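The data block below is data-v1.cif; it holds mmCIF, C-alpha atoms.
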```
data_my_file
loop_
_atom_site.group_PDB
_atom_site.id
_atom_site.type_symbol
_atom_site.label_atom_id
_atom_site.label_comp_id
_atom_site.auth_asym_id
_atom_site.auth_seq_id
_atom_site.Cartn_x
_atom_site.Cartn_y
_atom_site.Cartn_z
ATOM 1 C CA MET C 29 68.238 12.706 42.265
ATOM 2 C CA GLU C 30 71.182 12.393 44.600
ATOM 3 C CA HIS C 31 73.181 9.449 43.373
ATOM 4 C CA MET C 32 76.432 8.651 41.663
ATOM 5 C CA ASN C 33 76.565 8.437 37.892
ATOM 6 C CA GLY C 34 77.745 5.078 36.647
ATOM 7 C CA ALA C 35 75.536 2.232 37.748
ATOM 8 C CA ILE C 36 76.589 -1.386 37.613
ATOM 9 C CA SER C 37 74.848 -3.835 35.302
ATOM 10 C CA LEU C 38 74.608 -7.569 35.097
ATOM 11 C CA PRO C 39 76.152 -9.560 32.224
ATOM 12 C CA PHE C 40 74.769 -8.927 28.733
ATOM 13 C CA GLN C 41 72.906 -5.807 29.810
ATOM 14 C CA LYS C 42 74.144 -2.355 28.847
ATOM 15 C CA PRO C 43 77.473 -1.970 30.693
ATOM 16 C CA VAL C 44 77.766 1.288 32.598
ATOM 17 C CA ALA C 45 80.556 1.838 35.085
ATOM 18 C CA ALA C 46 82.112 5.015 36.441
ATOM 19 C CA THR C 47 85.793 5.486 35.644
ATOM 20 C CA HIS C 48 86.838 5.419 39.274
ATOM 21 C CA ARG C 49 85.518 1.855 39.595
ATOM 22 C CA TRP C 50 87.967 0.693 36.925
ATOM 23 C CA VAL C 51 90.815 2.481 38.690
ATOM 24 C CA LEU C 52 89.921 0.839 42.009
ATOM 25 C CA ALA C 53 89.666 -2.558 40.310
ATOM 26 C CA LEU C 54 93.144 -2.064 38.869
ATOM 27 C CA ILE C 55 94.473 -1.158 42.329
ATOM 28 C CA MET C 56 93.148 -4.435 43.706
ATOM 29 C CA VAL C 57 94.606 -6.479 40.848
ATOM 30 C CA LEU C 58 97.993 -4.783 41.211
ATOM 31 C CA THR C 59 97.967 -5.292 44.975
ATOM 32 C CA ILE C 60 97.469 -9.027 44.534
ATOM 33 C CA ALA C 61 99.974 -9.182 41.679
ATOM 34 C CA VAL C 62 102.857 -7.498 43.508
ATOM 35 C CA GLY C 63 102.053 -8.053 47.172
ATOM 36 C CA TRP C 64 103.936 -11.327 47.420
ATOM 37 C CA ARG C 65 107.088 -9.485 46.304
ATOM 38 C CA TYR C 66 106.422 -6.129 47.959
ATOM 39 C CA PRO C 67 104.452 -7.016 51.088
ATOM 40 C CA LEU C 68 103.943 -3.425 52.230
ATOM 41 C CA ALA C 69 101.467 -3.162 49.345
ATOM 42 C CA GLY C 70 99.260 -5.372 51.483
ATOM 43 C CA PHE C 71 98.415 -2.391 53.669
ATOM 44 C CA VAL C 72 95.970 -1.345 50.958
ATOM 45 C CA VAL C 73 93.766 -4.061 52.461
ATOM 46 C CA PRO C 74 93.345 -2.689 56.017
ATOM 47 C CA ALA C 75 92.995 0.817 54.545
ATOM 48 C CA ALA C 76 90.028 -0.342 52.461
ATOM 49 C CA MET C 77 88.602 -2.216 55.435
ATOM 50 C CA ALA C 78 88.861 0.836 57.676
ATOM 51 C CA ALA C 79 87.195 3.054 55.051
ATOM 52 C CA SER C 80 84.244 0.684 54.715
ATOM 53 C CA ILE C 81 83.743 0.394 58.459
ATOM 54 C CA ALA C 82 84.091 4.154 59.023
ATOM 55 C CA GLY C 83 81.644 4.884 56.208
ATOM 56 C CA SER C 84 79.085 2.484 57.646
ATOM 57 C CA PHE C 85 78.466 4.863 60.554
ATOM 58 C CA PHE C 86 77.108 7.434 58.100
ATOM 59 C CA ARG C 87 75.666 5.645 55.067
ATOM 60 C CA GLY C 88 75.667 1.923 55.730
ATOM 61 C CA ARG C 89 77.391 -0.070 53.009
ATOM 62 C CA TYR C 90 77.859 2.937 50.710
ATOM 63 C CA VAL C 91 81.652 2.555 50.618
ATOM 64 C CA CYS C 92 81.239 -1.145 49.775
ATOM 65 C CA GLY C 93 79.068 -0.247 46.814
ATOM 66 C CA ASN C 94 81.043 2.687 45.474
ATOM 67 C CA PHE C 95 84.663 2.693 46.637
ATOM 68 C CA CYS C 96 85.706 -0.844 47.583
ATOM 69 C CA PRO C 97 88.572 -1.978 45.295
ATOM 70 C CA ARG C 98 87.480 -5.618 45.329
ATOM 71 C CA GLY C 99 83.828 -4.716 44.854
ATOM 72 C CA SER C 100 84.866 -2.551 41.915
ATOM 73 C CA PHE C 101 86.748 -5.526 40.454
ATOM 74 C CA PHE C 102 83.586 -7.629 40.610
ATOM 75 C CA ASP C 103 81.570 -4.762 39.085
ATOM 76 C CA THR C 104 83.899 -4.182 36.135
ATOM 77 C CA LEU C 105 86.514 -6.709 35.038
ATOM 78 C CA PHE C 106 84.598 -9.676 36.421
ATOM 79 C CA ARG C 107 81.017 -8.751 35.622
ATOM 80 C CA LEU C 108 80.862 -10.473 32.227
ATOM 81 C CA VAL C 109 81.454 -13.920 33.730
ATOM 82 C CA GLY C 110 79.607 -13.630 37.040
ATOM 83 C CA GLY C 111 75.898 -14.285 37.712
ATOM 84 C CA PRO C 112 73.063 -13.639 37.666
ATOM 85 C CA ARG C 113 72.045 -16.798 39.518
ATOM 86 C CA ASP C 114 70.303 -17.071 42.867
ATOM 87 C CA VAL C 115 72.547 -17.107 45.925
ATOM 88 C CA PRO C 116 71.852 -19.925 48.433
ATOM 89 C CA ALA C 117 70.055 -18.854 51.589
ATOM 90 C CA LEU C 118 72.973 -20.222 53.646
ATOM 91 C CA LEU C 119 75.301 -17.532 52.311
ATOM 92 C CA ARG C 120 72.805 -14.813 53.166
ATOM 93 C CA GLY C 121 72.233 -16.115 56.694
ATOM 94 C CA SER C 122 73.705 -14.176 59.602
ATOM 95 C CA ALA C 123 74.946 -17.308 61.402
ATOM 96 C CA PHE C 124 77.164 -18.337 58.498
ATOM 97 C CA ARG C 125 78.411 -14.802 57.948
ATOM 98 C CA TRP C 126 79.395 -14.188 61.569
ATOM 99 C CA ALA C 127 81.042 -17.600 61.806
ATOM 100 C CA PHE C 128 83.051 -16.822 58.681
ATOM 101 C CA LEU C 129 84.019 -13.411 60.100
ATOM 102 C CA ALA C 130 85.259 -15.023 63.315
ATOM 103 C CA LEU C 131 87.205 -17.648 61.352
ATOM 104 C CA LEU C 132 88.906 -15.128 59.068
ATOM 105 C CA MET C 133 89.724 -12.645 61.829
ATOM 106 C CA GLY C 134 91.099 -15.470 63.941
ATOM 107 C CA PHE C 135 93.268 -16.560 61.040
ATOM 108 C CA LEU C 136 94.574 -13.010 60.550
ATOM 109 C CA GLY C 137 95.323 -12.616 64.252
ATOM 110 C CA TRP C 138 97.148 -15.949 64.405
ATOM 111 C CA GLN C 139 99.254 -15.191 61.344
ATOM 112 C CA ILE C 140 100.192 -11.707 62.538
ATOM 113 C CA SER C 141 101.104 -13.033 65.999
ATOM 114 C CA ARG C 142 103.844 -15.150 64.424
ATOM 115 C CA ASN C 143 105.951 -12.029 63.833
ATOM 116 C CA PRO C 144 104.108 -8.995 65.233
ATOM 117 C CA ALA C 145 107.084 -6.619 65.221
ATOM 118 C CA ASP C 146 107.690 -6.773 61.461
ATOM 119 C CA PRO C 147 105.532 -4.451 59.291
ATOM 120 C CA ALA C 148 106.471 -6.433 56.191
ATOM 121 C CA HIS C 149 105.058 -9.552 57.835
ATOM 122 C CA TRP C 150 101.805 -7.718 58.558
ATOM 123 C CA GLY C 151 101.645 -6.606 54.944
ATOM 124 C CA PHE C 152 102.265 -10.129 53.696
ATOM 125 C CA VAL C 153 99.490 -11.486 55.924
ATOM 126 C CA PHE C 154 97.050 -8.867 54.615
ATOM 127 C CA TRP C 155 98.100 -9.679 51.051
ATOM 128 C CA MET C 156 97.667 -13.405 51.651
ATOM 129 C CA ALA C 157 94.197 -12.898 53.125
ATOM 130 C CA CYS C 158 93.219 -10.671 50.194
ATOM 131 C CA ALA C 159 94.462 -13.156 47.601
ATOM 132 C CA LEU C 160 92.758 -16.075 49.340
ATOM 133 C CA THR C 161 89.398 -14.374 49.812
ATOM 134 C CA THR C 162 89.449 -12.923 46.299
ATOM 135 C CA GLY C 163 89.913 -16.463 45.014
ATOM 136 C CA ILE C 164 86.895 -17.531 47.058
ATOM 137 C CA GLY C 165 84.979 -14.538 45.705
ATOM 138 C CA ILE C 166 85.791 -15.490 42.123
ATOM 139 C CA VAL C 167 84.538 -19.041 42.666
ATOM 140 C CA LEU C 168 81.335 -17.730 44.264
ATOM 141 C CA GLY C 169 80.924 -15.192 41.476
ATOM 142 C CA LEU C 170 81.247 -17.856 38.806
ATOM 143 C CA ALA C 171 78.730 -20.056 40.584
ATOM 144 C CA PHE C 172 76.199 -17.345 41.438
ATOM 145 C CA ARG C 173 76.324 -13.543 41.157
ATOM 146 C CA ALA C 174 79.439 -11.488 40.456
ATOM 147 C CA ARG C 175 79.140 -9.803 43.860
ATOM 148 C CA THR C 176 78.226 -12.908 45.884
ATOM 149 C CA TRP C 177 81.385 -12.392 47.944
ATOM 150 C CA CYS C 178 79.890 -9.148 49.260
ATOM 151 C CA LEU C 179 77.212 -11.170 51.044
ATOM 152 C CA VAL C 180 79.795 -13.049 53.113
ATOM 153 C CA CYS C 181 82.582 -10.450 53.274
ATOM 154 C CA PRO C 182 83.521 -9.970 56.951
ATOM 155 C CA VAL C 183 83.894 -6.205 56.499
ATOM 156 C CA GLY C 184 80.497 -6.082 54.815
ATOM 157 C CA THR C 185 79.020 -8.050 57.691
ATOM 158 C CA MET C 186 80.389 -5.492 60.151
ATOM 159 C CA ALA C 187 79.150 -2.596 58.013
ATOM 160 C CA ASN C 188 75.744 -4.273 57.884
ATOM 161 C CA ALA C 189 75.629 -4.510 61.668
ATOM 162 C CA ILE C 190 76.817 -0.942 62.240
ATOM 163 C CA GLY C 191 74.841 1.010 59.696
ATOM 164 C CA GLY C 192 72.593 -1.304 57.724
ATOM 165 C CA GLY C 193 69.525 0.686 58.678
ATOM 166 C CA ILE C 194 71.029 4.077 57.816
ATOM 167 C CA TRP C 195 70.228 6.146 54.708
ATOM 168 C CA GLN C 196 67.595 3.831 53.285
ATOM 169 C CA MET C 197 66.492 4.255 49.708
ATOM 170 C CA THR C 198 63.001 5.701 49.229
ATOM 171 C CA ILE C 199 60.430 4.120 46.928
ATOM 172 C CA ALA C 200 57.777 6.453 45.528
ATOM 173 C CA GLU C 201 54.149 5.539 44.881
ATOM 174 C CA SER C 202 54.900 5.751 41.162
ATOM 175 C CA CYS C 203 56.748 2.404 41.403
ATOM 176 C CA ALA C 204 55.059 0.044 38.931
ATOM 177 C CA GLY C 205 56.637 -3.123 40.318
ATOM 178 C CA CYS C 206 58.220 -3.934 36.943
ATOM 179 C CA GLY C 207 61.313 -5.502 38.528
ATOM 180 C CA SER C 208 63.877 -3.598 36.438
ATOM 181 C CA CYS C 209 65.554 -2.422 39.645
ATOM 182 C CA GLU C 210 65.918 -5.965 40.943
ATOM 183 C CA ARG C 211 67.394 -7.230 37.684
ATOM 184 C CA HIS C 212 70.137 -4.611 38.004
ATOM 185 C CA CYS C 213 70.812 -5.044 41.739
ATOM 186 C CA PRO C 214 74.252 -6.652 42.165
ATOM 187 C CA MET C 215 73.169 -8.151 45.493
ATOM 188 C CA GLY C 216 69.965 -9.678 44.151
ATOM 189 C CA LEU C 217 67.797 -7.794 46.650
ATOM 190 C CA THR C 218 64.032 -7.589 46.455
ATOM 191 C CA ILE C 219 63.135 -3.937 45.956
ATOM 192 C CA ALA C 220 59.726 -3.554 44.315
ATOM 193 C CA ALA C 221 58.206 -5.802 46.974
ATOM 194 C CA HIS C 222 58.731 -2.962 49.474
ATOM 195 C CA ARG C 223 56.972 -0.247 47.510
ATOM 196 C CA GLN C 224 54.087 -0.175 49.980
ATOM 197 C CA GLU C 225 56.528 0.546 52.801
ATOM 198 C CA GLY C 226 58.092 3.419 50.899
ATOM 199 C CA THR C 227 61.670 2.504 51.855
ATOM 200 C CA LEU C 228 64.091 -0.348 51.198
ATOM 201 C CA PRO C 229 64.836 -2.109 54.501
ATOM 202 C CA HIS C 230 67.619 -4.407 53.238
ATOM 203 C CA ARG C 231 70.669 -3.880 55.432
ATOM 204 C CA ASP C 232 72.976 -5.186 52.691
ATOM 205 C CA CYS C 233 71.973 -2.536 50.160
ATOM 206 C CA LEU C 234 75.255 -1.216 48.729
ATOM 207 C CA LYS C 235 73.846 2.240 47.857
ATOM 208 C CA CYS C 236 75.378 1.799 44.395
ATOM 209 C CA SER C 237 72.409 3.390 42.589
ATOM 210 C CA SER C 238 72.193 0.625 39.975
ATOM 211 C CA CYS C 239 68.497 0.239 40.748
ATOM 212 C CA VAL C 240 67.937 3.997 40.826
ATOM 213 C CA ASP C 241 69.379 4.422 37.343
ATOM 214 C CA ALA C 242 67.455 1.413 36.021
ATOM 215 C CA CYS C 243 64.001 2.518 37.215
ATOM 216 C CA PRO C 244 61.873 3.628 34.229
ATOM 217 C CA GLN C 245 59.457 5.442 36.570
ATOM 218 C CA ASN C 246 62.139 7.415 38.462
ATOM 219 C CA ALA C 247 60.545 6.036 41.591
ATOM 220 C CA LEU C 248 63.738 5.374 43.515
ATOM 221 C CA ASP C 249 65.849 7.970 45.270
ATOM 222 C CA TRP C 250 68.067 8.618 48.280
ATOM 223 C CA PRO C 251 67.298 10.769 51.321
ATOM 224 C CA SER C 252 68.501 14.336 50.969
#
```
Structure re-expressed in structure tokens:
Amino acid sequence: MEHMNGAISLPFQKPVAATHRWVLALIMVLTIAVGWRYPLAGFVVPAAMAASIAGSFFRGRYVCGNFCPRGSFFDTLFRLVGGPRDVPALLRGSAFRWAFLALLMGFLGWQISRNPADPAHWGFVFWMACALTTGIGIVLGLAFRARTWCLVCPVGTMANAIGGGIWQMTIAESCAGCGSCERHCPMGLTIAAHRQEGTLPHRDCLKCSSCVDACPQNALDWPS
């Protein structure tokens, strides 16, 4: 199977996480911890955003699921206190997500316009946005699933729109519909319900391979 070793798991299930996820989580924590004092550290934020958007042209939300520093934080350090509770339909709805994207991007643009010639100011604005949205993500993660933020993340919304239909996971006929894959999915996606279609159509699939590693029938895989 073509997938990354080191699937995510929900609280109180066997914890498995690749080492690089812990490193990325630490990068995010350090960025928030020192960014107020060293604002140029805030440029980690647009770098991560650019990587996720660029990656979406090739494999949808793959970068979100495997290399996002904040996503890695929710998968590792935060996973023992987040979820798994159902996420309200409002947060999954496209109208709310695009409205939130417009609001956040407008806020960033307004803040940057206050001193556009100063790189340190840009860095501070990126740091402030990261700290604020991470706080929101923690609240959402405590209330629902650890990765609930990833359903409303503006970068994730853009990645969804650009490449949500790319590189869809395949579901073999051997799928027994046991639901193990869905219990391990950090996004709470329905997977077994699509076994008759043979592919997973969810545009918010993070390509993290948690479901692939959890399937007792080895019925899930990625296109070669």
Given the choices C:Glu225, C:Asp103, C:Asp241, C:Asp232, which gets closest to Gly191 in chain C if the distance is worked out from all atoms listed in the file?
C:Asp232
Residue nearest Leu108 in chain C among C:Leu168, C:Val57, C:Ala174, C:Val51 (counting all atoms listed in the file)
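Once distances to Leu108 in chain C are computed over all atoms listed in the file, the minimum belongs to C:Ala174.
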With distances taken over all atoms listed in the file, which residue among C:Cys203, C:Ala53, C:Cys92, C:Val109 lies nearest Cys236 in chain C?
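That would be C:Cys92, the residue with the smallest distance to Cys236 in chain C.
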Just want the 12 Å neighbourhood of Arg65 in chain C, counted on only C-alpha atoms, with same-chain residues fewer than 3 positions away dropped. Output as a ChimeraX atom specification.
/C:58-62,68-70,148-149,151-152,155-156
With the PyMOL selection byres ((chain C and resi 242) around 7) as the selection, what would be picked from this file? Answer as a list in words, please.
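Expected selection for the PyMOL selection byres ((chain C and resi 242) around 7) here is Ser208, Cys209, His212, Ser238, Cys239, Val240, Asp241, Cys243 and Pro244 of chain C.
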Do you have the CA of Met56 in chain C-CA of Ala157 in chain C distance handy?
12.7 Å
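Minimum atom-to-atom distances from C:Ala76, C:Ile166, C:Ala247, C:Ala145 to Ala220 in chain C were compared using all atoms listed in the file, and the lowest value belongs to C:Ala247.
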